[in-house]
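Peer 1: Take a look at input.pdb, PDB, C-alpha atoms:
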```pdb
MODEL        1
ATOM      1  CA  MET Q 170      79.869 158.574  49.700
ATOM      2  CA  HIS Q 171      77.360 155.721  49.572
ATOM      3  CA  PRO Q 172      73.757 156.619  48.693
ATOM      4  CA  GLU Q 173      72.530 154.841  51.824
ATOM      5  CA  VAL Q 174      74.582 157.200  54.002
ATOM      6  CA  VAL Q 175      73.273 160.266  52.138
ATOM      7  CA  VAL Q 176      69.630 159.252  52.541
ATOM      8  CA  LEU Q 177      70.088 158.399  56.224
ATOM      9  CA  SER Q 178      71.702 161.790  56.845
ATOM     10  CA  LEU Q 179      68.782 163.553  55.156
ATOM     11  CA  ILE Q 180      66.309 161.667  57.349
ATOM     12  CA  LEU Q 181      68.184 162.659  60.517
ATOM     13  CA  LEU Q 182      68.376 166.304  59.447
ATOM     14  CA  LEU Q 183      64.660 166.324  58.665
ATOM     15  CA  THR Q 184      63.863 164.895  62.102
ATOM     16  CA  ASP Q 185      66.042 167.487  63.908
ATOM     17  CA  ALA Q 186      64.457 170.361  61.955
ATOM     18  CA  VAL Q 187      60.989 169.743  63.406
ATOM     19  CA  VAL Q 188      61.954 169.249  67.061
ATOM     20  CA  SER Q 189      59.463 170.962  69.348
ATOM     21  CA  TYR Q 190      59.794 171.833  73.043
ATOM     22  CA  THR Q 191      57.342 171.641  75.934
ATOM     23  CA  GLN Q 192      55.724 175.071  76.402
ATOM     24  CA  VAL Q 193      55.484 176.699  79.849
ATOM     25  CA  SER Q 194      53.730 180.035  80.458
ATOM     26  CA  GLY Q 195      54.052 182.594  83.233
ATOM     27  CA  VAL Q 196      52.970 186.131  84.119
ATOM     28  CA  VAL Q 197      55.199 189.143  84.723
ATOM     29  CA  GLY Q 198      55.761 189.777  88.433
ATOM     30  CA  HIS Q 199      54.591 186.318  89.520
ATOM     31  CA  PRO Q 200      56.542 183.120  90.268
ATOM     32  CA  VAL Q 201      56.662 180.511  87.500
ATOM     33  CA  ILE Q 202      57.538 176.818  87.824
ATOM     34  CA  ILE Q 203      59.343 174.920  85.042
ATOM     35  CA  PRO Q 204      58.691 171.210  85.708
ATOM     36  CA  CYS Q 205      61.361 168.503  85.700
ATOM     37  CA  SER Q 206      61.744 165.231  87.637
ATOM     38  CA  TYR Q 207      63.508 161.863  87.489
ATOM     39  CA  SER Q 208      63.267 158.409  89.041
ATOM     40  CA  VAL Q 209      65.231 157.864  92.265
ATOM     41  CA  ALA Q 210      64.952 154.058  92.123
ATOM     42  CA  SER Q 211      68.743 153.834  91.776
ATOM     43  CA  GLY Q 212      69.389 156.767  94.123
ATOM     44  CA  VAL Q 213      69.583 160.554  93.827
ATOM     45  CA  THR Q 214      72.085 162.206  91.512
ATOM     46  CA  SER Q 215      73.405 165.631  90.611
ATOM     47  CA  MET Q 216      71.651 167.887  88.092
ATOM     48  CA  CYS Q 217      71.723 171.410  86.730
ATOM     49  CA  TRP Q 218      69.441 174.025  85.180
ATOM     50  CA  GLY Q 219      70.664 176.322  82.425
ATOM     51  CA  GLN Q 220      69.347 178.829  79.907
ATOM     52  CA  GLY Q 221      69.312 177.681  76.293
ATOM     53  CA  ALA Q 222      68.977 174.235  74.722
ATOM     54  CA  CYS Q 223      70.843 171.360  76.392
ATOM     55  CA  PRO Q 224      74.453 171.123  75.134
ATOM     56  CA  THR Q 225      76.537 167.958  74.802
ATOM     57  CA  SER Q 226      77.600 168.114  78.446
ATOM     58  CA  LYS Q 227      76.746 170.156  81.555
ATOM     59  CA  CYS Q 228      74.453 173.201  81.208
ATOM     60  CA  SER Q 229      74.992 176.401  79.266
ATOM     61  CA  ASN Q 230      74.538 179.643  81.233
ATOM     62  CA  GLU Q 231      74.141 177.692  84.494
ATOM     63  CA  LEU Q 232      71.402 178.899  86.846
ATOM     64  CA  ILE Q 233      71.423 176.341  89.674
ATOM     65  CA  TRP Q 234      73.121 173.050  90.666
ATOM     66  CA  THR Q 235      72.230 170.335  93.167
ATOM     67  CA  ASP Q 236      74.071 167.228  94.284
ATOM     68  CA  GLY Q 237      70.770 165.388  94.686
ATOM     69  CA  SER Q 238      70.074 166.386  98.264
ATOM     70  CA  GLN Q 239      70.854 170.118  98.463
ATOM     71  CA  VAL Q 240      71.585 173.127  96.260
ATOM     72  CA  THR Q 241      75.314 173.610  95.687
ATOM     73  CA  PHE Q 242      75.234 176.597  93.306
ATOM     74  CA  ARG Q 243      72.724 179.373  92.599
ATOM     75  CA  LYS Q 244      73.256 182.190  90.106
ATOM     76  CA  HIS Q 245      70.586 184.409  91.694
ATOM     77  CA  ARG Q 246      68.249 184.070  94.641
ATOM     78  CA  ARG Q 247      65.267 184.232  92.248
ATOM     79  CA  TYR Q 248      66.116 180.677  91.120
ATOM     80  CA  LYS Q 249      64.952 177.986  93.547
ATOM     81  CA  LEU Q 250      64.384 174.224  93.782
ATOM     82  CA  GLU Q 251      61.335 174.058  96.027
ATOM     83  CA  GLY Q 252      60.371 170.447  95.219
ATOM     84  CA  ASN Q 253      61.356 167.362  97.194
ATOM     85  CA  LEU Q 254      64.872 166.663  95.920
ATOM     86  CA  LEU Q 255      65.029 163.238  97.600
ATOM     87  CA  GLN Q 256      62.016 162.159  95.533
ATOM     88  CA  GLY Q 257      63.510 163.430  92.265
ATOM     89  CA  ASN Q 258      61.448 166.631  91.991
ATOM     90  CA  VAL Q 259      63.917 169.180  90.593
ATOM     91  CA  SER Q 260      61.420 171.637  89.093
ATOM     92  CA  LEU Q 261      62.828 175.156  88.748
ATOM     93  CA  THR Q 262      60.973 178.056  90.379
ATOM     94  CA  ILE Q 263      61.677 181.594  89.114
ATOM     95  CA  GLU Q 264      60.504 184.290  91.494
ATOM     96  CA  ASN Q 265      59.215 187.653  90.213
ATOM     97  CA  ALA Q 266      59.299 186.566  86.571
ATOM     98  CA  ALA Q 267      60.205 189.187  83.971
ATOM     99  CA  LYS Q 268      59.670 189.387  80.223
ATOM    100  CA  THR Q 269      63.407 188.814  79.722
ATOM    101  CA  ASP Q 270      63.089 185.391  81.375
ATOM    102  CA  SER Q 271      61.327 184.063  78.252
ATOM    103  CA  GLY Q 272      63.306 181.514  76.255
ATOM    104  CA  LEU Q 273      64.631 177.935  76.387
ATOM    105  CA  TYR Q 274      65.668 176.211  79.628
ATOM    106  CA  CYS Q 275      67.621 172.957  80.021
ATOM    107  CA  CYS Q 276      67.071 170.427  82.819
ATOM    108  CA  ARG Q 277      70.015 167.980  82.833
ATOM    109  CA  ILE Q 278      70.059 164.928  85.128
ATOM    110  CA  GLU Q 279      73.533 163.397  85.341
ATOM    111  CA  HIS Q 280      73.903 159.597  85.206
ATOM    112  CA  SER Q 281      77.086 157.543  85.156
ATOM    113  CA  GLY Q 282      78.347 156.295  81.813
ATOM    114  CA  TRP Q 283      78.712 157.754  78.337
ATOM    115  CA  PHE Q 284      75.729 159.687  76.957
ATOM    116  CA  ASN Q 285      73.427 158.494  79.771
ATOM    117  CA  ASP Q 286      72.399 161.945  81.028
ATOM    118  CA  MET Q 287      68.697 162.780  80.874
ATOM    119  CA  LYS Q 288      68.179 166.052  78.992
ATOM    120  CA  LEU Q 289      64.940 168.020  78.871
ATOM    121  CA  THR Q 290      64.582 171.342  77.033
ATOM    122  CA  LEU Q 291      61.523 173.488  77.772
ATOM    123  CA  SER Q 292      60.315 176.799  76.316
ATOM    124  CA  LEU Q 293      59.203 179.509  78.759
ATOM    125  CA  GLU Q 294      56.953 182.418  77.737
ATOM    126  CA  ILE Q 295      56.343 185.258  80.189
ATOM    127  CA  LYS Q 296      53.185 187.200  79.356
ATOM    128  CA  PRO Q 297      52.285 190.735  80.567
ATOM    129  CA  VAL Q 298      49.724 191.208  83.304
ATOM    130  CA  ALA Q 299      46.189 191.661  81.961
ATOM    131  CA  THR Q 300      44.914 195.079  83.117
ATOM    132  CA  LEU Q 301      41.235 195.589  83.942
ATOM    133  CA  PRO Q 302      39.556 199.025  83.641
ATOM    134  CA  THR Q 303      38.846 200.788  86.944
ATOM    135  CA  THR Q 304      35.363 201.801  88.057
ATOM    136  CA  THR Q 305      36.012 205.467  87.158
ATOM    137  CA  GLN Q 306      37.281 204.562  83.682
ATOM    138  CA  ALA Q 307      34.265 202.304  83.080
ATOM    139  CA  ALA Q 308      31.845 205.077  84.165
ATOM    140  CA  GLU Q 309      33.570 207.623  81.911
ATOM    141  CA  THR Q 310      33.433 205.239  78.962
ATOM    142  CA  GLN Q 311      29.731 204.521  79.531
ATOM    143  CA  THR Q 312      28.906 208.263  79.784
ATOM    144  CA  LYS Q 313      30.836 209.035  76.602
ATOM    145  CA  THR Q 314      29.084 206.215  74.723
ATOM    146  CA  LEU Q 315      25.655 207.456  75.895
ATOM    147  CA  GLN Q 316      26.423 211.014  74.765
ATOM    148  CA  GLU Q 317      27.577 209.814  71.336
ATOM    149  CA  THR Q 318      24.391 207.757  70.987
ATOM    150  CA  ARG Q 319      22.195 210.734  71.823
ATOM    151  CA  THR Q 320      24.085 212.953  69.376
ATOM    152  CA  SER Q 321      23.688 210.399  66.608
ATOM    153  CA  SER Q 322      19.970 210.004  67.321
ATOM    154  CA  ALA Q 323      19.398 213.755  67.284
ATOM    155  CA  SER Q 324      21.116 214.185  63.924
ATOM    156  CA  LEU Q 325      18.978 211.559  62.196
ATOM    157  CA  PRO Q 326      15.882 212.736  60.270
ATOM    158  CA  LEU Q 327      12.393 211.493  61.062
ATOM    159  CA  TYR Q 328      11.665 208.085  59.563
ATOM    160  CA  TYR Q 329      15.360 207.486  58.959
ATOM    161  CA  CYS Q 330      16.073 204.067  57.513
ATOM    162  CA  PRO Q 331      19.618 202.670  57.531
ATOM    163  CA  THR Q 332      20.833 201.632  54.116
ATOM    164  CA  ASP Q 333      23.760 199.368  55.049
ATOM    165  CA  GLY Q 334      23.628 195.618  54.499
ATOM    166  CA  ASN Q 335      23.578 194.606  58.159
ATOM    167  CA  SER Q 336      20.351 196.233  59.502
ATOM    168  CA  THR Q 337      16.799 196.714  58.238
ATOM    169  CA  MET Q 338      13.955 198.936  59.405
ATOM    170  CA  THR Q 339      10.307 197.876  59.442
ATOM    171  CA  GLN Q 340       7.249 199.951  60.281
ATOM    172  CA  SER Q 341       4.866 198.595  62.932
ATOM    173  CA  SER Q 342       1.108 198.953  63.022
ATOM    174  CA  ASP Q 343       1.330 202.061  65.221
ATOM    175  CA  GLY Q 344       3.484 203.924  62.690
ATOM    176  CA  LEU Q 345       6.810 203.491  64.539
ATOM    177  CA  TRP Q 346       9.941 202.165  62.902
ATOM    178  CA  GLN Q 347      11.630 199.120  64.446
ATOM    179  CA  ASN Q 348      15.262 198.151  63.962
ATOM    180  CA  ASN Q 349      15.758 194.517  62.955
ATOM    181  CA  GLU Q 350      19.493 194.130  63.290
ATOM    182  CA  THR Q 351      21.266 191.162  61.786
ATOM    183  CA  GLN Q 352      24.718 190.404  63.118
ATOM    184  CA  VAL Q 353      27.206 188.640  60.897
ATOM    185  CA  PHE Q 354      30.089 186.840  62.476
ATOM    186  CA  PRO Q 355      33.120 185.869  60.370
ATOM    187  CA  ALA Q 356      33.809 182.196  60.121
ATOM    188  CA  GLN Q 357      36.820 181.074  61.989
ATOM    189  CA  SER Q 358      39.462 179.394  59.938
ATOM    190  CA  PRO Q 359      40.867 176.234  61.457
ATOM    191  CA  GLY Q 360      44.474 176.446  62.529
ATOM    192  CA  MET Q 361      47.277 174.060  61.700
ATOM    193  CA  THR Q 362      47.584 171.175  64.137
ATOM    194  CA  ASN Q 363      50.555 169.058  65.128
ATOM    195  CA  GLY Q 364      48.876 166.177  63.269
ATOM    196  CA  GLY Q 365      49.508 167.907  59.920
ATOM    197  CA  LEU Q 366      53.162 168.394  60.848
ATOM    198  CA  TYR Q 367      53.635 164.724  61.748
ATOM    199  CA  VAL Q 368      51.895 163.637  58.509
ATOM    200  CA  GLY Q 369      54.333 165.787  56.510
ATOM    201  CA  ILE Q 370      57.296 164.209  58.320
ATOM    202  CA  THR Q 371      55.984 160.714  57.598
ATOM    203  CA  ILE Q 372      55.461 161.442  53.884
ATOM    204  CA  SER Q 373      58.952 162.958  53.537
ATOM    205  CA  THR Q 374      60.517 159.942  55.248
ATOM    206  CA  LEU Q 375      58.681 157.496  52.950
ATOM    207  CA  VAL Q 376      59.823 159.431  49.858
ATOM    208  CA  LEU Q 377      63.449 159.311  51.018
ATOM    209  CA  LEU Q 378      63.194 155.562  51.681
ATOM    210  CA  ALA Q 379      61.730 155.034  48.190
ATOM    211  CA  VAL Q 380      64.675 156.919  46.643
ATOM    212  CA  LEU Q 381      67.087 154.743  48.631
ATOM    213  CA  ILE Q 382      65.419 151.525  47.366
ATOM    214  CA  VAL Q 383      65.600 152.712  43.718
ATOM    215  CA  ILE Q 384      69.312 153.558  44.068
ATOM    216  CA  ILE Q 385      70.100 150.130  45.573
ATOM    217  CA  ILE Q 386      68.147 148.290  42.814
ATOM    218  CA  LYS Q 387      69.945 150.239  40.054
ATOM    219  CA  SER Q 388      73.374 149.530  41.589
ATOM    220  CA  ASN Q 389      72.607 145.781  41.801
ATOM    221  CA  MET Q 390      71.365 145.680  38.186
ATOM    222  CA  ALA Q 391      74.510 147.442  36.998
ATOM    223  CA  SER Q 392      76.736 144.906  38.831
ATOM    224  CA  LEU Q 393      74.843 141.951  37.246
ATOM    225  CA  THR Q 394      74.539 143.361  33.710
ATOM    226  CA  GLY Q 395      78.287 143.912  33.184
ATOM    227  CA  PRO Q 396      79.396 140.218  33.185
ATOM    228  CA  GLN Q 397      76.392 139.142  31.083
ATOM    229  CA  ILE Q 398      77.259 141.667  28.354
ATOM    230  CA  GLY Q 399      80.839 140.348  28.302
ATOM    231  CA  VAL Q 400      79.638 136.738  27.784
ATOM    232  CA  LEU Q 401      77.296 137.750  24.941
ATOM    233  CA  GLN Q 402      80.071 139.660  23.177
ATOM    234  CA  SER Q 403      82.413 136.637  23.427
ATOM    235  CA  GLU Q 404      79.783 134.341  21.911
ATOM    236  CA  ALA Q 405      79.136 136.785  19.042
ATOM    237  CA  ASN Q 406      82.867 137.011  18.245
ATOM    238  CA  ALA Q 407      83.175 133.210  18.220
ATOM    239  CA  ARG Q 408      80.266 132.866  15.803
ATOM    240  CA  ALA Q 409      81.764 135.501  13.502
ATOM    241  CA  ARG Q 410      85.117 133.670  13.433
ATOM    242  CA  ALA Q 411      83.358 130.357  12.654
ATOM    243  CA  GLU Q 412      81.526 131.905   9.710
ATOM    244  CA  ASP Q 413      84.799 133.366   8.369
ATOM    245  CA  ASN Q 414      86.398 129.888   8.507
ATOM    246  CA  VAL Q 415      83.482 128.406   6.537
ATOM    247  CA  TYR Q 416      83.879 131.042   3.827
ATOM    248  CA  ILE Q 417      87.628 130.366   3.594
ATOM    249  CA  ILE Q 418      87.090 126.600   3.208
ATOM    250  CA  GLU Q 419      84.491 127.145   0.482
ATOM    251  CA  ASP Q 420      86.855 129.499  -1.373
ATOM    252  CA  ASN Q 421      89.645 126.888  -1.238
ATOM    253  CA  LEU Q 422      87.389 124.152  -2.595
ATOM    254  CA  TYR Q 423      86.307 126.385  -5.434
ATOM    255  CA  VAL Q 424      89.934 127.129  -6.379
ATOM    256  CA  MET Q 425      90.862 123.423  -6.341
ATOM    257  CA  GLU Q 426      88.020 122.599  -8.713
TER     258      GLU Q 426
ENDMDL
END
```
Would you put the structure from the file into C-alpha coordinates?

Peer 2:
Amino acid sequence: MHPEVVVLSLILLLTDAVVSYTQVSGVVGHPVIIPCSYSVASGVTSMCWGQGACPTSKCSNELIWTDGSQVTFRKHRRYKLEGNLLQGNVSLTIENAAKTDSGLYCCRIEHSGWFNDMKLTLSLEIKPVATLPTTTQAAETQTKTLQETRTSSASLPLYYCPTDGNSTMTQSSDGLWQNNETQVFPAQSPGMTNGGLYVGITISTLVLLAVLIVIIIKSNMASLTGPQIGVLQSEANARARAEDNVYIIEDNLYVME
(Lines of atoms letter the chains of each structure in order from A and count residues from 1; the text may use other names and numbers.)
(Lines give C-alpha, C1' and ligand atoms only; values in the text may rest on other atoms or scores of the structure.)
Protein backbone atom coordinates (compact mmCIF):
# COMPACT_ATOMS: atom_id res chain seq x y z
CA MET A 1 0.00 0.00 0.00
CA HIS A 2 1.31 3.45 -0.93
CA PRO A 3 2.20 5.79 1.95
CA GLU A 4 -0.04 8.49 0.47
CA VAL A 5 -3.06 6.19 0.78
CA VAL A 6 -2.18 5.31 4.39
CA VAL A 7 -1.86 8.95 5.45
CA LEU A 8 -5.09 9.94 3.69
CA SER A 9 -6.95 7.10 5.42
CA LEU A 10 -5.64 8.25 8.81
CA ILE A 11 -6.84 11.79 8.13
CA LEU A 12 -10.33 10.57 7.21
CA LEU A 13 -10.53 8.36 10.30
CA LEU A 14 -9.43 11.25 12.50
CA THR A 15 -12.11 13.50 11.00
CA ASP A 16 -14.88 10.89 11.52
CA ALA A 17 -13.82 10.31 15.14
CA VAL A 18 -14.64 13.88 16.19
CA VAL A 19 -18.01 14.26 14.45
CA SER A 20 -20.47 16.09 16.67
CA TYR A 21 -24.26 16.35 16.37
CA THR A 22 -26.66 19.24 16.89
CA GLN A 23 -28.06 19.04 20.44
CA VAL A 24 -31.81 19.34 21.12
CA SER A 25 -33.30 19.34 24.63
CA GLY A 26 -36.78 18.55 25.91
CA VAL A 27 -38.66 17.96 29.16
CA VAL A 28 -40.44 14.79 30.26
CA GLY A 29 -44.19 14.98 29.64
CA HIS A 30 -43.96 17.91 27.22
CA PRO A 31 -43.81 18.03 23.41
CA VAL A 32 -40.37 18.49 21.85
CA ILE A 33 -39.55 19.63 18.31
CA ILE A 34 -36.50 18.33 16.42
CA PRO A 35 -35.84 20.85 13.62
CA CYS A 36 -35.22 19.93 9.98
CA SER A 37 -36.00 21.70 6.69
CA TYR A 38 -34.94 21.83 3.04
CA SER A 39 -35.24 24.11 0.02
CA VAL A 40 -38.29 23.57 -2.21
CA ALA A 41 -36.88 25.62 -5.11
CA SER A 42 -36.86 22.47 -7.27
CA GLY A 43 -40.09 21.11 -5.76
CA VAL A 44 -41.07 19.03 -2.74
CA THR A 45 -39.69 15.54 -2.23
CA SER A 46 -40.10 12.54 0.03
CA MET A 47 -38.29 12.26 3.38
CA CYS A 48 -38.18 10.14 6.50
CA TRP A 49 -37.35 10.37 10.20
CA GLY A 50 -35.63 7.52 12.02
CA GLN A 51 -33.95 6.75 15.33
CA GLY A 52 -30.18 6.40 15.23
CA ALA A 53 -27.54 7.95 12.97
CA CYS A 54 -28.36 8.22 9.25
CA PRO A 55 -27.46 5.00 7.39
CA THR A 56 -26.32 4.71 3.77
CA SER A 57 -29.90 4.69 2.51
CA LYS A 58 -33.41 5.21 3.92
CA CYS A 59 -33.85 5.56 7.71
CA SER A 60 -33.12 3.05 10.45
CA ASN A 61 -35.99 2.36 12.88
CA GLU A 62 -38.37 4.49 10.78
CA LEU A 63 -40.70 6.79 12.71
CA ILE A 64 -42.53 8.75 9.99
CA TRP A 65 -42.55 9.19 6.19
CA THR A 66 -43.92 11.90 3.91
CA ASP A 67 -44.14 12.16 0.14
CA GLY A 68 -43.58 15.91 0.35
CA SER A 69 -47.20 16.94 0.73
CA GLN A 70 -48.69 14.52 3.29
CA VAL A 71 -47.68 11.88 5.82
CA THR A 72 -47.67 8.38 4.33
CA PHE A 73 -46.40 6.38 7.32
CA ARG A 74 -46.40 6.95 11.09
CA LYS A 75 -45.03 4.49 13.64
CA HIS A 76 -46.98 6.05 16.53
CA ARG A 77 -49.40 8.93 16.86
CA ARG A 78 -46.91 10.72 19.14
CA TYR A 79 -44.77 11.45 16.06
CA LYS A 80 -46.05 14.36 13.96
CA LEU A 81 -44.99 16.72 11.17
CA GLU A 82 -46.73 19.92 12.18
CA GLY A 83 -44.70 22.28 9.96
CA ASN A 84 -45.64 23.46 6.48
CA LEU A 85 -44.57 20.54 4.30
CA LEU A 86 -45.04 22.51 1.06
CA GLN A 87 -42.44 25.01 2.28
CA GLY A 88 -39.94 22.30 3.23
CA ASN A 89 -40.52 22.40 7.00
CA VAL A 90 -40.29 18.74 8.05
CA SER A 91 -39.43 19.24 11.73
CA LEU A 92 -40.41 16.26 13.89
CA THR A 93 -42.70 16.82 16.88
CA ILE A 94 -42.74 14.19 19.65
CA GLU A 95 -45.74 14.47 21.94
CA ASN A 96 -45.51 13.58 25.65
CA ALA A 97 -41.74 13.10 25.54
CA ALA A 98 -40.25 10.40 27.76
CA LYS A 99 -36.74 9.78 29.05
CA THR A 100 -36.45 6.81 26.67
CA ASP A 101 -36.85 9.16 23.70
CA SER A 102 -33.31 10.47 24.28
CA GLY A 103 -30.80 9.54 21.59
CA LEU A 104 -29.88 10.21 17.95
CA TYR A 105 -32.47 11.02 15.26
CA CYS A 106 -31.97 11.07 11.48
CA CYS A 107 -33.71 13.49 9.10
CA ARG A 108 -33.22 12.22 5.52
CA ILE A 109 -34.38 14.26 2.51
CA GLU A 110 -34.43 12.16 -0.66
CA HIS A 111 -33.10 13.66 -3.91
CA SER A 112 -32.70 11.99 -7.29
CA GLY A 113 -29.27 10.68 -8.23
CA TRP A 114 -26.52 8.77 -6.47
CA PHE A 115 -25.56 9.96 -2.98
CA ASN A 116 -27.58 13.19 -3.33
CA ASP A 117 -29.79 12.70 -0.26
CA MET A 118 -29.54 15.34 2.46
CA LYS A 119 -28.80 13.70 5.81
CA LEU A 120 -29.00 15.41 9.19
CA THR A 121 -28.32 13.62 12.48
CA LEU A 122 -29.41 15.33 15.71
CA SER A 123 -29.01 14.35 19.38
CA LEU A 124 -32.08 14.59 21.63
CA GLU A 125 -31.85 14.79 25.43
CA ILE A 126 -35.02 14.55 27.51
CA LYS A 127 -34.56 16.03 30.98
CA PRO A 128 -36.76 15.38 34.06
CA VAL A 129 -39.23 17.99 35.22
CA ALA A 130 -37.76 20.38 37.80
CA THR A 131 -39.84 20.08 41.00
CA LEU A 132 -40.41 23.12 43.22
CA PRO A 133 -41.08 22.77 46.98
CA THR A 134 -44.69 23.36 48.05
CA THR A 135 -45.72 26.06 50.51
CA THR A 136 -46.14 23.51 53.33
CA GLN A 137 -42.71 21.99 52.69
CA ALA A 138 -41.10 25.45 52.63
CA ALA A 139 -42.78 26.40 55.94
CA GLU A 140 -41.67 23.14 57.57
CA THR A 141 -38.11 23.65 56.38
CA GLN A 142 -38.03 27.24 57.67
CA THR A 143 -39.41 26.18 61.09
CA LYS A 144 -36.87 23.37 61.39
CA THR A 145 -34.01 25.71 60.48
CA LEU A 146 -35.17 28.28 63.07
CA GLN A 147 -35.35 25.61 65.80
CA GLU A 148 -31.85 24.35 64.97
CA THR A 149 -30.53 27.92 65.10
CA ARG A 150 -32.07 28.52 68.52
CA THR A 151 -30.69 25.23 69.84
CA SER A 152 -27.21 26.09 68.61
CA SER A 153 -27.38 29.57 70.14
CA ALA A 154 -28.51 28.21 73.50
CA SER A 155 -25.67 25.70 73.67
CA LEU A 156 -22.97 28.31 73.09
CA PRO A 157 -21.24 29.83 76.15
CA LEU A 158 -21.22 33.55 76.85
CA TYR A 159 -18.63 35.43 74.82
CA TYR A 160 -18.23 32.48 72.47
CA CYS A 161 -15.83 33.17 69.64
CA PRO A 162 -15.74 30.89 66.59
CA THR A 163 -12.32 29.50 65.85
CA ASP A 164 -12.75 28.40 62.22
CA GLY A 165 -10.99 30.19 59.38
CA ASN A 166 -14.09 31.67 57.77
CA SER A 167 -15.56 33.92 60.53
CA THR A 168 -14.17 36.33 63.13
CA MET A 169 -15.71 37.92 66.20
CA THR A 170 -15.03 41.49 67.31
CA GLN A 171 -16.19 43.25 70.46
CA SER A 172 -18.00 46.59 70.06
CA SER A 173 -17.83 49.57 72.36
CA ASP A 174 -20.93 48.45 74.26
CA GLY A 175 -19.38 45.09 75.18
CA LEU A 176 -21.31 43.00 72.61
CA TRP A 177 -19.65 40.61 70.21
CA GLN A 178 -20.28 41.08 66.48
CA ASN A 179 -19.87 38.39 63.84
CA ASN A 180 -17.78 39.48 60.85
CA GLU A 181 -18.35 36.64 58.44
CA THR A 182 -16.14 36.21 55.41
CA GLN A 183 -17.49 34.04 52.63
CA VAL A 184 -15.07 32.25 50.35
CA PHE A 185 -16.26 31.12 46.98
CA PRO A 186 -14.27 28.52 45.02
CA ALA A 187 -12.90 29.67 41.73
CA GLN A 188 -14.59 28.18 38.77
CA SER A 189 -12.38 26.26 36.44
CA PRO A 190 -12.91 27.02 32.78
CA GLY A 191 -14.35 24.18 30.76
CA MET A 192 -13.07 22.79 27.50
CA THR A 193 -14.45 24.56 24.44
CA ASN A 194 -14.98 23.37 20.90
CA GLY A 195 -12.13 25.69 19.89
CA GLY A 196 -9.61 23.45 21.70
CA LEU A 197 -11.01 20.41 19.91
CA TYR A 198 -10.70 22.03 16.48
CA VAL A 199 -7.13 23.17 17.27
CA GLY A 200 -6.19 19.57 18.14
CA ILE A 201 -7.68 18.33 14.85
CA THR A 202 -5.72 20.94 12.89
CA ILE A 203 -2.42 20.06 14.59
CA SER A 204 -2.94 16.32 14.01
CA THR A 205 -3.72 16.93 10.34
CA LEU A 206 -0.57 19.05 9.86
CA VAL A 207 1.58 16.36 11.51
CA LEU A 208 0.17 13.69 9.19
CA LEU A 209 0.80 15.90 6.14
CA ALA A 210 4.40 16.47 7.29
CA VAL A 211 4.94 12.70 7.57
CA LEU A 212 3.54 12.26 4.05
CA ILE A 213 5.95 14.89 2.63
CA VAL A 214 8.97 13.21 4.32
CA ILE A 215 7.99 9.80 2.91
CA ILE A 216 7.62 11.19 -0.63
CA ILE A 217 11.01 13.00 -0.44
CA LYS A 218 12.79 9.84 0.78
CA SER A 219 11.23 7.72 -1.99
CA ASN A 220 12.34 10.24 -4.66
CA MET A 221 15.89 10.39 -3.26
CA ALA A 222 16.12 6.60 -3.27
CA SER A 223 15.00 6.45 -6.94
CA LEU A 224 17.65 9.05 -7.96
CA THR A 225 20.54 7.71 -5.85
CA GLY A 226 20.48 4.18 -7.32
CA PRO A 227 21.57 5.05 -10.91
CA GLN A 228 24.20 7.53 -9.69
CA ILE A 229 25.85 4.88 -7.50
CA GLY A 230 25.97 2.52 -10.49
CA VAL A 231 27.76 5.14 -12.65
CA LEU A 232 30.34 5.87 -9.92
CA GLN A 233 31.09 2.17 -9.48
CA SER A 234 31.61 1.74 -13.26
CA GLU A 235 34.05 4.66 -13.35
CA ALA A 236 36.01 3.28 -10.38
CA ASN A 237 36.31 -0.16 -12.04
CA ALA A 238 37.55 1.43 -15.28
CA ARG A 239 40.22 3.40 -13.44
CA ALA A 240 41.37 0.27 -11.60
CA ARG A 241 41.70 -1.65 -14.88
CA ALA A 242 43.69 1.22 -16.44
CA GLU A 243 46.14 1.24 -13.53
CA ASP A 244 46.59 -2.55 -13.82
CA ASN A 245 47.44 -2.16 -17.53
CA VAL A 246 50.07 0.49 -16.71
CA TYR A 247 51.71 -1.83 -14.18
CA ILE A 248 51.77 -4.69 -16.71
CA ILE A 249 53.42 -2.51 -19.38
CA GLU A 250 56.07 -1.31 -16.92
CA ASP A 251 56.80 -4.91 -15.88
CA ASN A 252 57.25 -5.93 -19.53
CA LEU A 253 59.65 -3.07 -20.22
CA TYR A 254 61.69 -3.99 -17.19
CA VAL A 255 61.97 -7.62 -18.34
CA MET A 256 63.06 -6.58 -21.85
CA GLU A 257 65.84 -4.42 -20.45

Peer 1: Quick one, how far is atom CA of Q:Thr269 from atom CA of Q:Lys227?

Peer 2: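 It comes out at 23.0 Å.
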
Peer 1: Rounded to one decimal place, report the atom CA of Q:Thr225-atom CA of Q:Leu378 distance in Å.

Peer 2: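 Taking atom CA of Q:Thr225 and atom CA of Q:Leu378, their separation equals 29.4 Å.
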
Peer 1: Hey, can you check how far atom CA of Q:Trp218 sits from atom CA of Q:Asp270?

Peer 2: 13.6 Å

Peer 1: Which residue is closest to Q:Leu250? Choose from Q:Ala222, Q:Ile233, Q:Val298, Q:Val380 and count all atoms listed in the file.

Peer 2: Q:Ile233

Peer 1: If you apply the PyMOL selection byres ((chain Q and resi 279) around 7) to this file, what residues do you get, as JSON, numbers by chain?

Peer 2: {"Q": [214, 215, 216, 277, 278, 280, 281, 286, 287]}

Peer 1: I would like the residues chosen by the PyMOL selection byres ((chain Q and resi 252) around 12) on the shown file; could you give them as a CSV table (one decimal) with C-alpha atoms, keeping the file's coordinate frame?

Peer 2:
```csv
chain,number,residue,atom,x,y,z
Q,202,ILE,CA,57.5,176.8,87.8
Q,203,ILE,CA,59.3,174.9,85.0
Q,204,PRO,CA,58.7,171.2,85.7
Q,205,CYS,CA,61.4,168.5,85.7
Q,206,SER,CA,61.7,165.2,87.6
Q,207,TYR,CA,63.5,161.9,87.5
Q,237,GLY,CA,70.8,165.4,94.7
Q,238,SER,CA,70.1,166.4,98.3
Q,239,GLN,CA,70.9,170.1,98.5
Q,240,VAL,CA,71.6,173.1,96.3
Q,249,LYS,CA,65.0,178.0,93.5
Q,250,LEU,CA,64.4,174.2,93.8
Q,251,GLU,CA,61.3,174.1,96.0
Q,253,ASN,CA,61.4,167.4,97.2
Q,254,LEU,CA,64.9,166.7,95.9
Q,255,LEU,CA,65.0,163.2,97.6
Q,256,GLN,CA,62.0,162.2,95.5
Q,257,GLY,CA,63.5,163.4,92.3
Q,258,ASN,CA,61.4,166.6,92.0
Q,259,VAL,CA,63.9,169.2,90.6
Q,260,SER,CA,61.4,171.6,89.1
Q,261,LEU,CA,62.8,175.2,88.7
Q,262,THR,CA,61.0,178.1,90.4
```
